[in-house]
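Q: Quick one: structure below, then a few questions.
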Amino acid sequence: MDAYLHEWGGMLLRWLHVLAGMAWIGSSFYFMHIDAMLKPAPDLPAGKGGQMWEVHGGGFYQVRKWLVAPAELPPELLWHKWEAYTTWLSGFALLAWVYYGASELFLIDPAVADIGPVTAAAIGIGSLLLGWVAYDRLCRSPLGRDEARLAAVGFVVVVLVAFLFQQVFSGRGAMIHTGALMATWMAGNVAMVIIPNQRKIIAALRRGEAPDPALGKAGKVRSTHNNYLTLPVLFLMLANHYPMLWSTPWAFVIVGLILVAGAVIRVFYNLRHSGRGNPWWCWAVAALCILLAALVSLTSSPIGREGLGLAAAEAPGAAPPPAEVVEIVLGRCSMCHAAEPVWAGIPVAPRGVRLDTPEQIARQAGAIRVQAVLSRAMPPNNVTGIEPRERRVLAAWLAGR
């Protein structure tokens, strides 16, 4: 039952996380688009705001923005904050559920660092907290007034942190924690800067005072940071499902390349939407970065090297399973989960899981239990005809481990 509950819990948390993320990213991109396309409004002083017209759903919309605040506030205001809060909270819950709750499977790699589950969780959670404090201090320091220098320092910090994570976590755990760190910056910008500043502006208006323009400007700066972080964060969150990306010792280089690719894609759209041209060079830079990232993963990850025929023999891992278990797995699973799959249309082992040696079978015992014994998800549609008796043999072996 524990495995079933863990799978269902992970699925429901992931569902919530994806839905909330869609809402947050969608609204963030939408408002950045509006800001870029604002035109002067005849009844607003120059430089104090603007407006734009939209057509959607059979109707027309007039969107107006006051750069500081209107002369008076309406009785009701729509706050765009719960999308960000729900995304981060559900994401952290999912991180804890999958990586801290099953750290020996997904987070801890004894070949990297022989640490316990509590230590691993403490490093992960502590890094998110300290990472936010460091980022916020940088933004508030004199360096924060120079966006170009701040971006350069932020780039170095993210790549360095990705490298450090690789020294204590599994490749998958390092990749997801790098993305979680940047996601924490984004959520922190909303919770600690953007929303509090908006509350101060509203409080000043209700007191009949002129709001401090610096509050709105600071909020806009942090919103812009979120805009440029979004695409790299999404990539890293998805990358933990693709072993070719995180199983290389040069994964931190891939992180750096994706940071650049994601940023220049947003540069293109931000300039395009503001009517400042179409900088097509951004796509060339993004494509080059992604190509380089693919080459790094291809030539340095075990999966990529297997595909190129460059992989060396692996050292033995856990104790080999009984001969009957080996025979079943080799006969029913290894045509796909092998160094050189023989199943048509499968160039490399799915998810990087190999089951073509007794040592590899023992190492993947947990995955076999979930996929072939409890859920019957593998083989897909039972294409290799694994029999109920054979599943019982696997179950008996796993129960005796």
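Identifiers in this document derive from the order of the structure tokens: chains are assigned A, B, ..., residues are numbered from 1 separately in each chain, and ligands are numbered from 1 in order of occurrence.
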Residues near Met378 in chain A, anyone? I mean within 12 Å using only C-alpha atoms, not counting same-chain ones fewer than 3 positions away, as a ChimeraX atom specification.

A: /A:329,332-334,336-337,350,367-375,381-387,391

Q: Quick one: residues within 12 Å of Pro40 in chain A, only C-alpha atoms counted, chain neighbours fewer than 6 positions away excluded, as a tab-separated table (two decimals) with C-alpha atoms, in the first residue's frame?

A:
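Now in part-v2.tsv:
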```tsv
chain	number	residue	atom	x	y	z
A	46	ALA	CA	2.75	61.63	-20.21
A	47	GLY	CA	4.97	59.12	-18.53
A	48	LYS	CA	2.38	58.29	-15.85
A	49	GLY	CA	0.69	55.35	-17.51
A	50	GLY	CA	-0.82	53.95	-20.67
A	51	GLN	CA	-3.43	51.70	-22.20
A	52	MET	CA	-3.97	48.99	-24.77
A	53	TRP	CA	-6.97	47.43	-26.50
A	63	VAL	CA	-6.51	47.65	-20.36
A	64	ARG	CA	-5.10	50.67	-18.54
A	65	LYS	CA	-2.05	50.99	-16.29
A	66	TRP	CA	-1.06	53.73	-13.83
A	67	LEU	CA	2.70	53.63	-13.26
```

Q: Just want the 8 Å neighbourhood of range 266-272 of chain A, counted on only C-alpha atoms, with same-chain residues fewer than 2 positions away dropped. Output as a PyMOL selection string.

A: chain A and resi 32-33+36+227-228+262-264+274-280+282-283

Q: Tell me, in Å to one decimal, how far CA of Pro196 in chain A is from CA of Leu73 in chain A.

A: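 The value is 17.2 Å.
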
Q: Between CA of Val159 in chain A and CA of Asn226 in chain A, what is the distance in Å, rounded to a tenth?

A: 17.5 Å

Q: Excluding Leu94 in chain A and any residue of its chain fewer than 4 positions from it, enumerate the residues within 12 Å of it, using only C-alpha atoms, and give them as a PDB file with C-alpha atoms, in the first residue's frame.

A:
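The result, written out as part_3.pdb:
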```pdb
ATOM      1  CA  HIS A   6       3.348   7.310  -2.744  1.00  0.00           C
ATOM      2  CA  GLU A   7       2.543   7.115  -6.446  1.00  0.00           C
ATOM      3  CA  TRP A   8      -0.929   8.635  -6.036  1.00  0.00           C
ATOM      4  CA  GLY A   9       0.305  11.363  -3.739  1.00  0.00           C
ATOM      5  CA  GLY A  10       3.062  12.281  -6.151  1.00  0.00           C
ATOM      6  CA  MET A  11       0.666  12.337  -9.086  1.00  0.00           C
ATOM      7  CA  LEU A  12      -1.881  14.590  -7.318  1.00  0.00           C
ATOM      8  CA  LEU A  13       0.794  17.008  -6.108  1.00  0.00           C
ATOM      9  CA  ARG A  14       2.312  17.139  -9.583  1.00  0.00           C
ATOM     10  CA  TRP A  15      -1.116  17.813 -11.075  1.00  0.00           C
ATOM     11  CA  LEU A  16      -1.689  20.729  -8.706  1.00  0.00           C
ATOM     12  CA  HIS A  17       1.823  22.031  -9.267  1.00  0.00           C
ATOM     13  CA  VAL A  18       1.479  22.024 -13.049  1.00  0.00           C
ATOM     14  CA  THR A  86       0.286  27.770  -4.820  1.00  0.00           C
ATOM     15  CA  THR A  87       2.964  26.943  -7.371  1.00  0.00           C
ATOM     16  CA  TRP A  88       5.767  27.197  -4.840  1.00  0.00           C
ATOM     17  CA  LEU A  89       3.926  25.445  -2.010  1.00  0.00           C
ATOM     18  CA  SER A  90       2.811  22.550  -4.219  1.00  0.00           C
ATOM     19  CA  VAL A  98       9.376  12.493  -4.030  1.00  0.00           C
ATOM     20  CA  TYR A  99      12.939  13.437  -3.138  1.00  0.00           C
ATOM     21  CA  TYR A 100      12.971  13.693   0.652  1.00  0.00           C
ATOM     22  CA  GLY A 101      10.382  10.974   1.208  1.00  0.00           C
ATOM     23  CA  ALA A 102      12.248   8.538  -1.059  1.00  0.00           C
ATOM     24  CA  ILE A 176      15.791  19.543  -9.504  1.00  0.00           C
ATOM     25  CA  HIS A 177      17.291  21.498  -6.592  1.00  0.00           C
ATOM     26  CA  ALA A 180      13.879  24.768  -7.079  1.00  0.00           C
ATOM     27  CA  MET A 237      11.930  20.970 -13.638  1.00  0.00           C
TER      28      MET A 237
END
```

Q: Please extract the residues of range 166-287 of chain A with a backbone DSSP assignment of alpha helix (DSSP H) and present them as a ChimeraX atom specification.

A: /A:166,171-188,195-206,213-239,243-246,251-273,281-287

Q: Mind dumping a table of every range 165-213 of chain A residue within 10 Å of range 134-137 of chain A, with the nearest atom pair and its distance in Å to one decimal, using only C-alpha atoms, sorted by chain and rising number, as a tab-separated table?

A:
```
residue	atom	partner	partner_atom	distance
A:Met182	CA	A:Tyr135	CA	9.6
A:Trp185	CA	A:Tyr135	CA	7.2
A:Gly188	CA	A:Asp136	CA	8.6
A:Asn189	CA	A:Asp136	CA	8.4
A:Met192	CA	A:Asp136	CA	9.3
A:Val193	CA	A:Asp136	CA	9.4
```

Q: List the neighbours of Leu292 in chain A out to 12 Å using only C-alpha atoms; skip same-chain residues closer than 2 positions along the sequence, and give me the result as a PyMOL selection string.

A: chain A and resi 245+250-251+253-258+260-261+285-290+294-299

Q: Using only C-alpha atoms, please write the residues we just selected to a file, as a PDB file, in the first residue's frame.

A:
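Saved result, again-v4.pdb, follows:
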```pdb
ATOM      1  CA  LEU A 245      20.506  15.690 -19.090  1.00  0.00           C
ATOM      2  CA  TRP A 250      28.958  18.406 -16.752  1.00  0.00           C
ATOM      3  CA  ALA A 251      25.292  18.964 -15.926  1.00  0.00           C
ATOM      4  CA  VAL A 253      27.398  23.424 -17.857  1.00  0.00           C
ATOM      5  CA  ILE A 254      24.036  22.433 -19.318  1.00  0.00           C
ATOM      6  CA  VAL A 255      22.382  24.577 -16.632  1.00  0.00           C
ATOM      7  CA  GLY A 256      24.455  27.579 -17.713  1.00  0.00           C
ATOM      8  CA  LEU A 257      23.637  27.081 -21.381  1.00  0.00           C
ATOM      9  CA  ILE A 258      19.918  26.805 -20.668  1.00  0.00           C
ATOM     10  CA  VAL A 260      21.373  31.863 -21.578  1.00  0.00           C
ATOM     11  CA  ALA A 261      18.934  30.223 -24.007  1.00  0.00           C
ATOM     12  CA  VAL A 285      21.959  32.203 -29.761  1.00  0.00           C
ATOM     13  CA  ALA A 286      19.257  30.094 -28.093  1.00  0.00           C
ATOM     14  CA  ALA A 287      19.587  27.346 -30.718  1.00  0.00           C
ATOM     15  CA  LEU A 288      23.370  27.320 -30.348  1.00  0.00           C
ATOM     16  CA  CYS A 289      23.113  27.020 -26.555  1.00  0.00           C
ATOM     17  CA  ILE A 290      20.630  24.165 -26.798  1.00  0.00           C
ATOM     18  CA  ALA A 294      22.752  18.424 -26.274  1.00  0.00           C
ATOM     19  CA  LEU A 295      26.351  17.742 -27.322  1.00  0.00           C
ATOM     20  CA  VAL A 296      27.536  17.924 -23.709  1.00  0.00           C
ATOM     21  CA  SER A 297      24.924  15.410 -22.635  1.00  0.00           C
ATOM     22  CA  LEU A 298      25.555  13.156 -25.626  1.00  0.00           C
ATOM     23  CA  THR A 299      29.291  12.906 -25.139  1.00  0.00           C
TER      24      THR A 299
END
```
